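Enquirer: Following this line is my_file01.txt, made up of compact mmCIF, C-alpha atoms and all ligand atoms:
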# COMPACT_ATOMS: atom_id res chain seq x y z
CA MET A 179 -14.05 34.23 -22.58
CA GLN A 180 -10.87 32.33 -23.30
CA PHE A 181 -9.88 28.82 -22.31
CA ASP A 182 -8.05 25.79 -23.60
CA PHE A 183 -9.62 22.46 -22.70
CA HIS A 184 -7.60 19.22 -22.77
CA SER A 185 -8.79 15.67 -22.36
CA THR A 186 -8.05 12.08 -23.29
CA ARG A 187 -8.85 11.54 -26.95
CA SER A 188 -10.77 8.30 -26.52
CA VAL A 189 -12.73 7.28 -23.43
CA LEU A 190 -14.16 3.77 -23.77
CA VAL A 191 -16.85 2.82 -21.28
CA GLU A 192 -17.59 -0.88 -21.48
CA ARG A 193 -18.48 -3.47 -18.86
CA GLY A 194 -16.11 -6.37 -19.41
CA GLY A 195 -14.04 -4.21 -21.78
CA ALA A 196 -10.77 -5.19 -20.09
CA ALA A 197 -11.04 -8.59 -21.82
CA HIS A 198 -10.37 -6.80 -25.13
CA LEU A 199 -7.38 -4.80 -23.98
CA ALA A 200 -4.99 -6.61 -26.32
CA LYS A 201 -7.25 -5.86 -29.29
CA ARG A 202 -7.21 -2.16 -28.42
CA ILE A 203 -3.41 -2.32 -28.44
CA GLN A 204 -3.28 -4.21 -31.72
CA GLU A 205 -5.67 -1.72 -33.37
CA ARG A 206 -3.17 0.99 -32.50
CA GLY A 207 -0.19 -0.88 -33.92
CA GLY A 208 1.24 -2.26 -30.65
CA LYS A 209 3.28 -5.49 -30.84
CA SER A 210 4.98 -5.56 -27.45
CA ALA A 211 3.23 -4.20 -24.36
CA LEU A 212 4.19 -3.62 -20.75
CA ILE A 213 1.35 -3.64 -18.20
CA ILE A 214 2.14 -1.60 -15.11
CA THR A 215 0.22 -2.51 -11.98
CA ASP A 216 0.57 -3.20 -8.25
CA PRO A 217 0.65 -6.42 -6.20
CA GLY A 218 -2.88 -5.85 -4.84
CA VAL A 219 -4.43 -5.53 -8.29
CA LEU A 220 -2.47 -8.56 -9.49
CA SER A 221 -3.45 -10.77 -6.55
CA ALA A 222 -7.10 -9.70 -6.83
CA GLY A 223 -6.98 -11.40 -10.26
CA LEU A 224 -8.02 -8.26 -12.11
CA LEU A 225 -5.70 -9.00 -15.04
CA ASN A 226 -7.09 -12.50 -15.55
CA GLN A 227 -9.72 -11.45 -18.08
CA SER A 228 -7.20 -9.47 -20.13
CA LEU A 229 -4.26 -11.86 -20.45
CA PRO A 230 -5.62 -14.62 -22.78
CA GLN A 231 -6.18 -12.21 -25.68
CA PHE A 232 -2.52 -11.13 -25.68
CA LYS A 233 -1.54 -14.74 -26.43
CA GLU A 234 -4.27 -15.14 -29.04
CA LEU A 235 -3.14 -12.02 -30.90
CA GLY A 236 0.58 -12.68 -30.53
CA ILE A 237 1.33 -9.48 -28.63
CA VAL A 238 4.45 -9.87 -26.50
CA LEU A 239 3.56 -9.00 -22.92
CA GLY A 240 5.58 -7.94 -19.90
CA ILE A 241 4.06 -7.22 -16.49
CA PHE A 242 5.61 -4.85 -13.97
CA SER A 243 3.69 -5.32 -10.72
CA ASP A 244 5.91 -3.54 -8.19
CA VAL A 245 4.05 -0.25 -8.01
CA GLN A 246 3.65 1.04 -4.45
CA ALA A 247 0.94 3.42 -3.29
CA ASP A 248 2.08 7.04 -3.64
CA PRO A 249 4.91 5.86 -5.89
CA PRO A 250 8.46 6.92 -5.01
CA ILE A 251 11.14 7.68 -7.62
CA SER A 252 12.67 4.19 -7.26
CA VAL A 253 9.44 2.58 -8.51
CA ILE A 254 9.38 4.78 -11.59
CA ASP A 255 13.03 4.01 -12.30
CA GLY A 256 12.33 0.28 -11.95
CA ALA A 257 9.32 0.41 -14.27
CA VAL A 258 11.21 2.44 -16.91
CA LYS A 259 13.96 -0.17 -16.82
CA ALA A 260 11.39 -2.95 -17.25
CA ALA A 261 9.91 -1.18 -20.30
CA GLN A 262 13.37 -0.78 -21.84
CA GLU A 263 14.35 -4.38 -21.14
CA CYS A 264 11.25 -5.84 -22.77
CA ARG A 265 11.42 -3.27 -25.60
CA ALA A 266 7.82 -2.32 -25.04
CA ASP A 267 6.22 -0.29 -27.81
CA PHE A 268 2.99 0.17 -25.82
CA ILE A 269 2.40 0.97 -22.14
CA VAL A 270 -0.69 0.05 -20.11
CA GLY A 271 -1.40 1.47 -16.67
CA PHE A 272 -3.78 -0.93 -14.93
CA GLY A 273 -4.87 -0.09 -11.38
CA GLY A 274 -5.52 2.90 -9.19
CA GLY A 275 -3.92 6.31 -9.47
CA SER A 276 -0.57 4.95 -8.35
CA SER A 277 -0.27 2.44 -11.22
CA MET A 278 -1.66 4.85 -13.79
CA ASP A 279 0.67 7.66 -12.71
CA VAL A 280 3.70 5.37 -12.98
CA ALA A 281 2.58 4.18 -16.43
CA LYS A 282 2.23 7.77 -17.67
CA LEU A 283 5.81 8.53 -16.68
CA VAL A 284 7.13 5.27 -18.11
CA ALA A 285 5.51 6.06 -21.48
CA LEU A 286 7.28 9.42 -21.37
CA LEU A 287 10.67 8.31 -20.07
CA ALA A 288 11.21 4.89 -21.69
CA SER A 289 12.89 6.38 -24.77
CA GLY A 290 15.59 7.83 -22.51
CA LYS A 291 15.24 11.29 -24.12
CA GLU A 292 13.89 12.92 -20.96
CA ARG A 293 14.81 12.38 -17.30
CA LEU A 294 12.43 12.40 -14.37
CA SER A 295 14.45 15.03 -12.49
CA GLU A 296 13.98 17.43 -15.42
CA VAL A 297 10.23 17.13 -15.95
CA TYR A 298 8.72 18.10 -12.56
CA GLY A 299 6.42 21.09 -12.77
CA VAL A 300 4.03 22.42 -15.37
CA GLY A 301 4.84 21.97 -19.06
CA MET A 302 8.37 20.65 -18.55
CA ALA A 303 7.72 17.22 -20.12
CA LYS A 304 7.90 17.61 -23.89
CA GLY A 305 7.47 14.09 -25.25
CA PRO A 306 6.94 12.29 -27.50
CA ARG A 307 5.88 9.29 -25.44
CA LEU A 308 5.03 5.68 -26.16
CA PRO A 309 1.37 4.86 -26.92
CA LEU A 310 -0.54 4.55 -23.64
CA ILE A 311 -3.81 3.01 -22.42
CA LEU A 312 -4.98 3.58 -18.84
CA VAL A 313 -7.42 1.24 -17.13
CA PRO A 314 -8.60 2.53 -13.73
CA THR A 315 -9.56 -0.03 -11.07
CA THR A 316 -10.47 2.55 -8.42
CA ALA A 317 -13.11 5.26 -8.89
CA GLY A 318 -11.02 8.08 -7.53
CA THR A 319 -8.11 9.90 -9.07
CA GLY A 320 -9.38 10.28 -12.63
CA SER A 321 -5.72 9.95 -13.62
CA GLU A 322 -6.87 8.28 -16.87
CA VAL A 323 -7.95 11.70 -18.13
CA THR A 324 -5.50 14.03 -16.40
CA THR A 325 -2.28 15.65 -17.56
CA ILE A 326 -0.76 14.92 -14.15
CA SER A 327 1.44 12.30 -12.54
CA ILE A 328 2.30 12.51 -8.85
CA VAL A 329 5.64 11.27 -7.50
CA THR A 330 6.68 10.99 -3.85
CA VAL A 331 10.14 12.55 -3.99
CA SER A 332 11.02 12.49 -0.28
CA GLU A 333 9.44 11.60 3.01
CA SER A 334 7.92 15.04 3.15
CA GLU A 335 7.16 15.98 -0.43
CA LYS A 336 5.12 14.91 -3.43
CA LYS A 337 5.82 16.55 -6.76
CA GLY A 338 3.69 16.68 -9.89
CA VAL A 339 4.69 16.28 -13.51
CA VAL A 340 2.07 18.18 -15.48
CA SER A 341 1.98 18.09 -19.27
CA PRO A 342 -0.57 17.33 -22.02
CA GLN A 343 1.94 14.63 -23.04
CA LEU A 344 0.70 12.61 -20.06
CA LEU A 345 -2.85 12.30 -21.36
CA PRO A 346 -3.15 8.70 -22.58
CA ASP A 347 -4.41 7.71 -26.01
CA VAL A 348 -7.23 5.70 -24.47
CA ALA A 349 -8.97 5.55 -21.10
CA LEU A 350 -10.77 2.23 -20.71
CA LEU A 351 -13.51 2.30 -18.05
CA ASP A 352 -14.64 -1.22 -17.16
CA ALA A 353 -16.76 -1.04 -14.00
CA GLU A 354 -16.50 -4.82 -13.49
CA LEU A 355 -12.90 -4.25 -12.39
CA THR A 356 -14.11 -2.19 -9.44
CA LEU A 357 -16.70 -4.66 -8.08
CA GLY A 358 -14.28 -6.13 -5.52
CA LEU A 359 -12.72 -2.85 -4.38
CA PRO A 360 -12.75 -3.01 -0.55
CA ALA A 361 -15.28 -0.73 1.17
CA HIS A 362 -12.71 1.54 2.81
CA VAL A 363 -10.84 2.04 -0.49
CA THR A 364 -14.14 2.69 -2.28
CA ALA A 365 -15.01 5.31 0.34
CA ALA A 366 -11.64 7.09 0.39
CA THR A 367 -11.11 7.10 -3.38
CA GLY A 368 -14.73 8.19 -3.90
CA ILE A 369 -14.23 11.16 -1.57
CA ASP A 370 -11.02 12.02 -3.44
CA ALA A 371 -13.07 12.21 -6.64
CA MET A 372 -15.67 14.42 -4.93
CA VAL A 373 -12.88 16.73 -3.77
CA HIS A 374 -11.64 16.94 -7.37
CA ALA A 375 -15.09 18.07 -8.50
CA ILE A 376 -15.49 20.58 -5.63
CA GLU A 377 -12.01 22.07 -5.97
CA ALA A 378 -12.30 22.29 -9.78
CA PHE A 379 -15.59 24.13 -9.47
CA THR A 380 -14.23 26.61 -6.92
CA THR A 381 -10.66 27.04 -8.21
CA ARG A 382 -9.34 30.55 -8.57
CA ARG A 383 -7.64 29.88 -11.89
CA LEU A 384 -8.70 28.36 -15.21
CA LYS A 385 -12.29 27.53 -14.26
CA ASN A 386 -14.41 27.52 -17.41
CA PRO A 387 -17.91 26.48 -18.54
CA VAL A 388 -16.76 23.02 -19.68
CA SER A 389 -14.96 22.21 -16.41
CA ASP A 390 -17.95 23.55 -14.44
CA CYS A 391 -20.33 21.33 -16.33
CA LEU A 392 -18.13 18.28 -15.79
CA ALA A 393 -17.57 19.05 -12.10
CA LYS A 394 -21.28 19.36 -11.41
CA GLU A 395 -22.23 16.17 -13.21
CA ALA A 396 -19.33 14.38 -11.52
CA LEU A 397 -20.54 15.49 -8.10
CA ARG A 398 -24.10 14.40 -8.92
CA LEU A 399 -22.93 10.91 -9.91
CA LEU A 400 -20.47 10.54 -7.03
CA ALA A 401 -22.69 11.83 -4.22
CA GLY A 402 -25.62 9.84 -5.57
CA ASN A 403 -23.77 6.51 -5.65
CA LEU A 404 -21.01 6.57 -3.04
CA HIS A 405 -22.99 5.11 -0.12
CA GLN A 406 -24.42 2.35 -2.30
CA ALA A 407 -21.00 1.47 -3.77
CA VAL A 408 -19.50 1.27 -0.27
CA GLN A 409 -22.37 -0.73 1.22
CA VAL A 410 -23.21 -2.98 -1.73
CA GLY A 411 -19.89 -3.36 -3.53
CA GLY A 412 -21.39 -5.72 -6.12
CA ASP A 413 -23.87 -3.14 -7.45
CA ILE A 414 -22.55 -2.69 -10.98
CA VAL A 415 -24.71 0.37 -11.70
CA ALA A 416 -23.42 2.21 -8.62
CA ARG A 417 -19.88 1.14 -9.50
CA GLU A 418 -20.22 2.33 -13.08
CA ASN A 419 -21.64 5.67 -11.96
CA MET A 420 -18.74 6.10 -9.54
CA LEU A 421 -16.19 5.26 -12.25
CA LEU A 422 -17.77 7.71 -14.67
CA GLY A 423 -18.10 10.35 -11.94
CA ALA A 424 -14.42 10.03 -11.04
CA CYS A 425 -13.51 10.29 -14.72
CA LEU A 426 -15.61 13.43 -15.24
CA ALA A 427 -14.10 14.96 -12.09
CA GLY A 428 -10.66 14.18 -13.52
CA MET A 429 -11.58 15.92 -16.79
CA ALA A 430 -12.70 18.94 -14.77
CA PHE A 431 -9.72 19.30 -12.46
CA THR A 432 -7.03 18.70 -15.03
CA ASN A 433 -8.31 21.87 -16.69
CA ALA A 434 -9.46 23.77 -13.58
CA PRO A 435 -6.86 22.70 -11.02
CA VAL A 436 -7.35 21.56 -7.43
CA ALA A 437 -6.28 23.71 -4.51
CA GLY A 438 -6.13 23.88 -0.71
CA VAL A 439 -7.57 20.50 0.24
CA HIS A 440 -4.98 18.74 -1.89
CA ALA A 441 -2.17 21.10 -0.80
CA LEU A 442 -2.83 20.24 2.84
CA ALA A 443 -3.51 16.57 2.15
CA TYR A 444 -0.23 15.83 0.38
CA PRO A 445 2.04 16.29 3.44
CA ILE A 446 -0.23 13.93 5.39
CA GLY A 447 0.18 11.30 2.68
CA ALA A 448 3.92 11.83 2.30
CA ARG A 449 4.84 11.86 6.03
CA PHE A 450 2.28 9.49 7.51
CA HIS A 451 1.55 7.20 4.55
CA VAL A 452 -2.14 7.92 4.78
CA PRO A 453 -3.88 6.95 1.50
CA HIS A 454 -4.46 9.92 -0.80
CA GLY A 455 -8.27 9.84 -0.65
CA LEU A 456 -8.29 9.59 3.14
CA SER A 457 -5.83 12.50 3.50
CA ASN A 458 -8.18 14.61 1.39
CA SER A 459 -11.20 13.49 3.34
CA LEU A 460 -9.55 14.53 6.63
CA MET A 461 -8.89 18.09 5.40
CA LEU A 462 -12.02 18.66 3.29
CA ALA A 463 -14.41 20.24 5.80
CA PRO A 464 -11.85 22.50 7.54
CA VAL A 465 -10.60 23.91 4.22
CA MET A 466 -14.16 24.43 2.94
CA ARG A 467 -15.13 26.26 6.15
CA PHE A 468 -12.04 28.45 5.68
CA ASN A 469 -13.05 29.24 2.07
CA LEU A 470 -16.70 29.77 2.87
CA GLU A 471 -16.68 33.58 3.14
CA ILE A 472 -15.38 33.81 -0.43
CA ALA A 473 -16.73 30.65 -2.06
CA HIS A 474 -20.20 30.41 -0.49
CA SER A 475 -22.21 31.05 -3.62
CA MET A 476 -20.29 28.36 -5.52
CA TYR A 477 -20.66 25.97 -2.60
CA ALA A 478 -24.40 26.71 -2.50
CA GLU A 479 -24.64 25.80 -6.19
CA LEU A 480 -22.92 22.49 -5.49
CA GLY A 481 -25.01 21.92 -2.38
CA LYS A 482 -28.19 21.99 -4.47
CA ILE A 483 -26.85 19.20 -6.66
CA ILE A 484 -26.45 16.93 -3.66
CA LYS A 485 -29.56 18.12 -1.80
CA PRO A 486 -31.99 19.73 -4.26
CA GLY A 487 -34.25 20.94 -1.40
CA LEU A 488 -31.60 23.18 0.20
CA GLY A 489 -33.00 26.51 1.39
CA GLY A 490 -31.89 29.74 3.05
CA SER A 491 -29.16 32.18 2.03
CA SER A 492 -26.20 31.03 -0.01
CA VAL A 493 -24.06 31.10 3.15
CA GLU A 494 -26.57 28.82 4.90
CA GLN A 495 -26.73 26.49 1.91
CA ALA A 496 -22.94 26.39 1.73
CA LYS A 497 -22.75 25.55 5.43
CA GLN A 498 -25.16 22.67 4.93
CA LEU A 499 -22.97 21.31 2.15
CA VAL A 500 -19.90 21.50 4.39
CA GLN A 501 -21.80 19.81 7.20
CA TYR A 502 -22.92 17.01 4.87
CA LEU A 503 -19.38 16.49 3.55
CA GLY A 504 -17.92 16.68 7.05
CA GLY A 505 -20.14 13.77 8.08
CA LEU A 506 -19.31 11.53 5.12
CA ALA A 507 -16.14 9.91 6.49
CA GLY A 508 -17.91 8.81 9.69
CA GLU A 509 -20.94 7.49 7.79
CA LEU A 510 -18.67 5.48 5.50
CA GLY A 511 -16.53 4.04 8.28
CA LEU A 512 -13.37 6.08 7.62
CA PRO A 513 -11.21 7.82 10.24
CA GLU A 514 -12.53 11.33 10.83
CA ARG A 515 -9.69 13.12 12.63
CA LEU A 516 -5.95 13.51 12.07
CA ALA A 517 -5.47 11.99 15.53
CA ASP A 518 -7.13 8.79 14.25
CA VAL A 519 -4.27 8.31 11.76
CA GLY A 520 -1.52 8.88 14.31
CA ILE A 521 -0.91 12.61 13.92
CA VAL A 522 -0.27 14.59 17.13
CA SER A 523 -0.20 18.33 17.81
CA THR A 524 3.61 18.52 17.69
CA ASP A 525 3.45 17.37 14.04
CA ILE A 526 1.42 20.35 12.95
CA ASP A 527 4.13 22.97 12.40
CA GLN A 528 6.02 20.53 10.17
CA LEU A 529 2.89 19.66 8.18
CA ALA A 530 2.08 23.34 7.73
CA SER A 531 5.52 24.18 6.42
CA ASP A 532 5.42 21.13 4.11
CA ALA A 533 2.06 22.35 2.76
CA MET A 534 3.61 25.69 1.83
CA LEU A 535 5.79 23.82 -0.70
CA GLN A 536 2.64 22.97 -2.68
CA THR A 537 2.71 26.30 -4.51
CA ARG A 538 1.34 24.64 -7.68
CA LEU A 539 -1.87 23.96 -5.74
CA LEU A 540 -1.98 26.86 -3.29
CA ILE A 541 -2.21 29.42 -6.11
CA ASN A 542 -5.59 27.91 -7.03
CA SER A 543 -7.17 28.46 -3.64
CA PRO A 544 -10.16 30.80 -3.67
CA ARG A 545 -8.81 32.25 -0.40
CA GLU A 546 -5.08 32.67 0.19
CA ILE A 547 -3.68 30.11 2.66
CA THR A 548 -0.71 31.35 4.71
CA LEU A 549 1.62 29.25 6.86
CA ASN A 550 -0.34 30.30 9.91
CA ASP A 551 -3.68 29.46 8.24
CA ALA A 552 -2.37 26.00 7.34
CA ALA A 553 -1.41 25.34 10.96
CA VAL A 554 -4.86 26.51 12.12
CA LEU A 555 -6.54 24.21 9.59
CA TYR A 556 -4.47 21.19 10.66
CA ARG A 557 -5.28 21.98 14.30
CA GLU A 558 -8.98 22.12 13.43
CA ALA A 559 -8.70 18.71 11.75
CA LEU A 560 -6.82 17.17 14.69
N1 LIG A 601 -2.68 11.74 -11.75
C1 LIG A 601 -3.64 12.35 -11.12
O1 LIG A 601 -4.36 13.13 -11.72
C2 LIG A 601 -3.87 12.05 -9.69
C3 LIG A 601 -4.95 12.64 -9.02
C4 LIG A 601 -5.14 12.32 -7.68
C5 LIG A 601 -4.28 11.43 -7.05
N2 LIG A 601 -3.22 10.89 -7.72
C6 LIG A 601 -2.29 9.92 -7.11
O2 LIG A 601 -2.87 8.63 -7.22
C7 LIG A 601 -2.43 7.82 -6.13
C8 LIG A 601 -3.61 7.24 -5.39
O3 LIG A 601 -4.36 6.42 -6.24
P1 LIG A 601 -5.63 5.58 -5.72
O4 LIG A 601 -6.32 6.37 -4.68
O5 LIG A 601 -6.40 5.16 -6.90
O6 LIG A 601 -4.98 4.34 -4.98
P2 LIG A 601 -3.81 3.29 -5.35
O7 LIG A 601 -3.57 3.23 -6.81
O8 LIG A 601 -2.63 3.66 -4.50
O9 LIG A 601 -4.47 1.92 -4.88
C9 LIG A 601 -4.88 1.76 -3.54
C10 LIG A 601 -4.98 0.29 -3.18
O10 LIG A 601 -6.15 -0.27 -3.78
C11 LIG A 601 -5.83 -1.52 -4.39
N3 LIG A 601 -6.77 -1.70 -5.50
C12 LIG A 601 -6.89 -0.90 -6.57
N4 LIG A 601 -7.91 -1.30 -7.34
C13 LIG A 601 -8.43 -2.41 -6.74
C14 LIG A 601 -9.53 -3.25 -7.06
N5 LIG A 601 -10.32 -3.03 -8.09
N6 LIG A 601 -9.79 -4.29 -6.23
C15 LIG A 601 -9.03 -4.49 -5.13
N7 LIG A 601 -8.00 -3.70 -4.76
C16 LIG A 601 -7.70 -2.66 -5.57
C17 LIG A 601 -4.39 -1.41 -4.78
O11 LIG A 601 -3.79 -2.67 -4.87
C18 LIG A 601 -3.81 -0.57 -3.64
O12 LIG A 601 -3.44 -1.41 -2.58
C19 LIG A 601 -1.58 8.74 -5.25
O13 LIG A 601 -0.22 8.57 -5.58
C20 LIG A 601 -2.04 10.12 -5.64
O14 LIG A 601 -1.07 11.11 -5.39
C21 LIG A 601 -3.04 11.17 -9.03
FE FE A 602 -6.84 13.74 -5.51
Can you present the structure in this file as C-alpha cells?
Ligand SMILES: NC(=O)c1ccc[n+]([C@@H]2O[C@H](COP(=O)([O-])OP(=O)(O)OC[C@H]3O[C@@H](n4cnc5c(N)ncnc54)[C@H](O)[C@@H]3O)[C@@H](O)[C@H]2O)c1
Ligand SMILES: [Fe+2]
Expert:
Amino acid sequence: MQFDFHSTRSVLVERGGAAHLAKRIQERGGKSALIITDPGVLSAGLLNQSLPQFKELGIVLGIFSDVQADPPISVIDGAVKAAQECRADFIVGFGGGSSMDVAKLVALLASGKERLSEVYGVGMAKGPRLPLILVPTTAGTGSEVTTISIVTVSESEKKGVVSPQLLPDVALLDAELTLGLPAHVTAATGIDAMVHAIEAFTTRRLKNPVSDCLAKEALRLLAGNLHQAVQVGGDIVARENMLLGACLAGMAFTNAPVAGVHALAYPIGARFHVPHGLSNSLMLAPVMRFNLEIAHSMYAELGKIIKPGLGGSSVEQAKQLVQYLGGLAGELGLPERLADVGIVSTDIDQLASDAMLQTRLLINSPREITLNDAAVLYREAL
C-alpha cells in the first residue's frame, strides 16, 4: 500500500464561530485582511456577526464582494487587484465554492510571483501564498479542504488549478451560516457533495483507505440529512451534519479525485450557466448506470450505507442505489432532465466534445468514457 494524504491543517467546527473570525486571524499574525465573498452572501447579512471583532482588534479590513458563480478569470483578476491595493496580509474566503475558490487563488497570486495563466493543471502552482481561512456558507463543494480551485476560462471550459498550496490554513465550519440557504441551493449543493463522496469512493486512481473511510461517512451524513435540511432549513443539527458531510467528502475527493459525473457536468455549467450542483445532479444517474458493470460492488457497498436493508446481488443493490439517487432531484424539487434547463438535442454533440477536454477528470473514471459514450449519456439525461 502506498498513498499520500493531504488535508487542511486545522478544521474548526463551531456554531457561531464566524463571530470570532478576526481573532483567528490575529492569532495567526494577520493585521490586514481581505474578505472575498459574493453579493448574495453579503446581502443575506452573513458577514454581520464577523465584522465587529475586526474593529475591536484593530485589524484593517477590506471586502471584495464581486464574486460571480462559477468565477471567470476577470473576477480573479479583480480580487487579486483588491488584495494588492489594500495590502492584505491575510485572505478570507467567505461563501460557497465560488468565493472560496477565488480566495484560494488570490492568496496564491497576490504576491505577483505567479500568474493565473501559468498555474492551471496539477502541481503547477508552487507558492508560497498568503495565510488563508475559508468559511463555507453552502454544504457542497468542500473547497475548504481541497487542493483545487475551479476557474471558468471560456464559455465552454472550466479549468482547475490543483496544488497542495491551495489548502487553507484553517477551515471554519459554522453551521449557523447555512441556516438561511434557500431550499434549491441546499438541495443542489448537497447533491454535489454526495457526488464527491460517490466519485471518490469509486475513482480509478488514488483511492485509499483514508479517502474510503471519509467518503462513506460523508455519504452517511449527507444522505441522512439532506431531505431534512431542504425541508426544514432552520434545523441546525441537519445543517451541521450537511456541512460536516460536505467537508468530509471534500477531504475524500481531493485525495481520490472525482470523475465522469463532474467531467460531463462542467460543460453544462460553462455553456448553460446551470449551477454546479444541479449540473452534477442531472448527470449522476446516467453516469452511474454506465459505470455499473464495473463499479457495482463499490456501489453496493455505498447503497448499504444509505439503505442498510438492501438485499440481492451486488448488481441489484447497486441498481437500487442508482434508482434512489436518480429520484433525489425530483423529491427535492430540482429539475430532473437536461431539457428542463434549456438544453436541446442539437446541443449534445457540442457538450460531448467539451466533456472530452476534461482529461483531468476522465482519467479517474472506473469505465473509460469515449466521445460517443458522452453523447449517449447526455442523450439519456435529456
Ligand atoms: N474547489 C473545489 O474543490 C470545488 C469543488 C466543487 C465545485 N467547485 C466550484 O464551486 C463553485 C460552486 O460553489 P457552490 O455550489 O457552493 O455555489 P456558489 O458559491 O456559486 O453559491 C451559490 C449561490 O448561493 C448563495 N449563497 C451561498 N451561501 C449562502 C447562504 N448561506 N445563504 C444564502 N445564500 C447563499 C450565493 O450568494 C450564490 O448566489 C463552482 O465554481 C464549482 O466549479 C469547487
Ligand atoms: Fe463538485
Enquirer: Chain A near ligand FE 602 (chain A) within 7 Å: what's each residue's closest atom pair and its distance in Å to one decimal, counting all atoms listed in the file, ordered by chain then ascending residue number, as CSV?
Expert:
residue,atom,partner,partner_atom,distance
A:Thr319,CA,A:FE602,FE,5.4
A:Asp370,CA,A:FE602,FE,5.0
A:Ala371,CA,A:FE602,FE,6.5
A:Val373,CA,A:FE602,FE,7.0
A:His374,CA,A:FE602,FE,6.1
A:His440,CA,A:FE602,FE,6.4
A:His454,CA,A:FE602,FE,6.5
A:Gly455,CA,A:FE602,FE,6.4
Enquirer: Between A:Leu294, A:Ala200, A:Ala443, A:Val363, which one has atoms that come closest to ligand LIG 601 (chain A), using all atoms listed in the file?
Expert: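 Of A:Leu294, A:Ala200, A:Ala443, A:Val363, the one nearest ligand LIG 601 (chain A) is A:Val363, counting all atoms listed in the file.
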Enquirer: Please provide the set of residues having any atom within 9 Å of Lys336 of chain A, restricted to only C-alpha atoms, with same-chain residues fewer than 2 positions apart removed, written as a VMD selection string.
Expert: chain A and resid 248 250 328 to 334 338 444 to 445 447 to 448 536
Enquirer: Restricting the calculation to only C-alpha atoms and all ligand atoms: of A:Arg538, A:Lys482, A:His362, A:Arg557, which residue gets closest to ligand LIG 601 (chain A)?
Expert: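 Of the candidates, the smallest distance to ligand LIG 601 (chain A) is held by A:His362.
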Enquirer: Nearest to ligand LIG 601 (chain A) among A:Leu357, A:Val284, A:Leu510, A:Ile521, with distances taken over all atoms listed in the file: which residue is it?
Expert: A:Leu357
Enquirer: So which residues are near ligand LIG 601 (chain A), meaning at most 6 Å away with only C-alpha atoms and all ligand atoms counted, given back as a ChimeraX atom specification?
Expert: /A:216-219,222,247-249,273-277,279,315-316,318-321,324,326-328,355-356,358-359,367,454-455
Enquirer: Tell me which of A:Leu529, A:Leu539, A:Leu225, A:Ala478 sits closest to Val493 of chain A, counting all atoms listed in the file.
Expert: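 The closest residue to Val493 of chain A is A:Ala478.
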Enquirer: Can you work out which one of A:Lys201, A:Arg265, A:Arg307, A:His184 has the shortest atom-to-atom distance to Asn386 of chain A, counting only C-alpha atoms?
Expert: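 Once distances to Asn386 of chain A are computed over only C-alpha atoms, the minimum belongs to A:His184.
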Enquirer: Contacts of segment 230-237 of chain A at 12 Å or less, counting all atoms listed in the file, minus same-chain residues fewer than 5 places along, as a list in words?
Expert: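 Once the nearby chain positions are removed, what remains is Gly195, Ala196, Ala197, His198, Leu199, Ala200, Lys201, Arg202, Ile203, Gln204, Glu205, Gly207, Gly208, Lys209, Ser210, Ala211, Leu212, Ile213, Leu225, Ala266, Asp267 and Phe268 of chain A.
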Enquirer: Using all atoms listed in the file, give me every residue within 9 Å of (-11.1, 28.0, -14.0) in file coordinates, as an MDAnalysis selection string.
Expert: chainID A and resid 181 378:387 389:390 431 433:435 542
Enquirer: What is the distance between atom CA of Asn550 of chain A and atom CA of Gln501 of chain A, in Å to one decimal?
Expert: 24.0 Å
Enquirer: Taking only C-alpha atoms into account, which of A:Tyr298, A:Tyr556, A:Phe450, A:Phe242 comes nearest Ala261 of chain A?
Expert: A:Phe242
Enquirer: Excluding His474 of chain A and residues on its chain fewer than 5 positions from it, collect all residues at most 12 Å away from it, counting all atoms listed in the file, and give them as a PyMOL selection string.
Expert: chain A and resi 379-380+466-469+479-481+491-500+544-545
Enquirer: To box segment 279-286 of chain A, take all atoms listed in the file, fit an axis-aligned box, add 4 Å on each side, and give centre and edge lengths in Å to one decimal, as lines of an AutoDock Vina configuration file.
Expert:
center_x = 4.0
center_y = 6.8
center_z = -17.1
size_x = 14.6
size_y = 13.2
size_z = 16.8
Enquirer: Report as a list in words all protein, DNA and RNA residues lying within 8 Å of Thr215 of chain A, evaluated on only C-alpha atoms, omitting residues in the same chain fewer than 6 positions from it.
Expert: Ile241, Phe242, Ser243, Asp244, Val245, Gly271, Phe272, Gly273, Ser277 and Met278 of chain A
Enquirer: Suppose you want the space between atom CA of Leu224 of chain A and atom CA of Ala430 of chain A; what is it in Å?
Expert: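 We find that atom CA of Leu224 of chain A and atom CA of Ala430 of chain A lie 27.7 Å from each other.
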Enquirer: So what do you get for atom CA of Ile254 of chain A versus atom CA of Glu335 of chain A, distance-wise?
Expert: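 Spanning atom CA of Ile254 of chain A to atom CA of Glu335 of chain A is a straight-line distance of 16.0 Å.
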